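For reference, the structure is listed below as structure tokens.
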Amino acid sequence: MAQLAESGSNPDVDLLYDINGLAGHTPHWFDRIVEFVGEWGLLLTMVLLVVWCWSTVRRRGGADAAASVAALVWTPLAAGVALLVNVPIRGFVERPRPFVDHQGLDVLVSGKTDFSFVSDHATITLAMGVGLFVANRRFGLAGIALALLEGFCRVFMGVHYPTDV
């Protein structure tokens, strides 16, 4: 670890450049798709996944249906609480966005002036993914996979470090 500090290499920044560097090597239309998906698409998909899971659990019934429906009711509330917890953490850490401190990043969205750590998008999608997992494993695994994709998109877009997500 001391060698890492002496060399000045930062794995977080190196990974940021590796992932964001993909944006410079992909077609423009693909960047626009990732921008939409990372900004709004995955959040909407998570909401639709919760509704689909709720419909499936209710239709199937069974002994654990009530507990699953209760977990799905708590899922958006958990996402909201997680988002509220981000506010003081972000104010305490005050980590600037990567494009503020590092040159040469392809920033796919503009207007991001707040702090980088912790990613609200990643927090919301992962909280919803965990809520889905509590309600139904199959839907939960899909939700957690979407949350991981959200984190990747945020780094790809150049608005977060990998450790922010």
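Simple scheme: letters A, B, ... for chains in structure tokens order, numbers from 1 for residues in each chain, numbers from 1 for ligands in the order shown.
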
Which residues are near Asp101 of chain A? Cut-off 12 Å, only C-alpha atoms, ignore same chain within fewer than 4 positions. Put them as JSON, numbers by chain. {"A": [13, 95, 96, 97, 105, 115, 116, 158, 159, 160, 161]}

Would you give me, as a PyMOL selection string, the residues in segment 9-165 of chain A that DSSP reads as helix (DSSP H, G or I)? chain A and resi 11-25+28-60+65-93+98-101+120-135+137-156+162-164

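A straight line drawn from atom CA of Ile144 of chain A to atom CA of Thr125 of chain A is 7.7 Å long.
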
Just give me the gap between atom CA of Leu49 of chain A and atom CA of Ala71 of chain A in Å, one decimal is fine. 13.6 Å
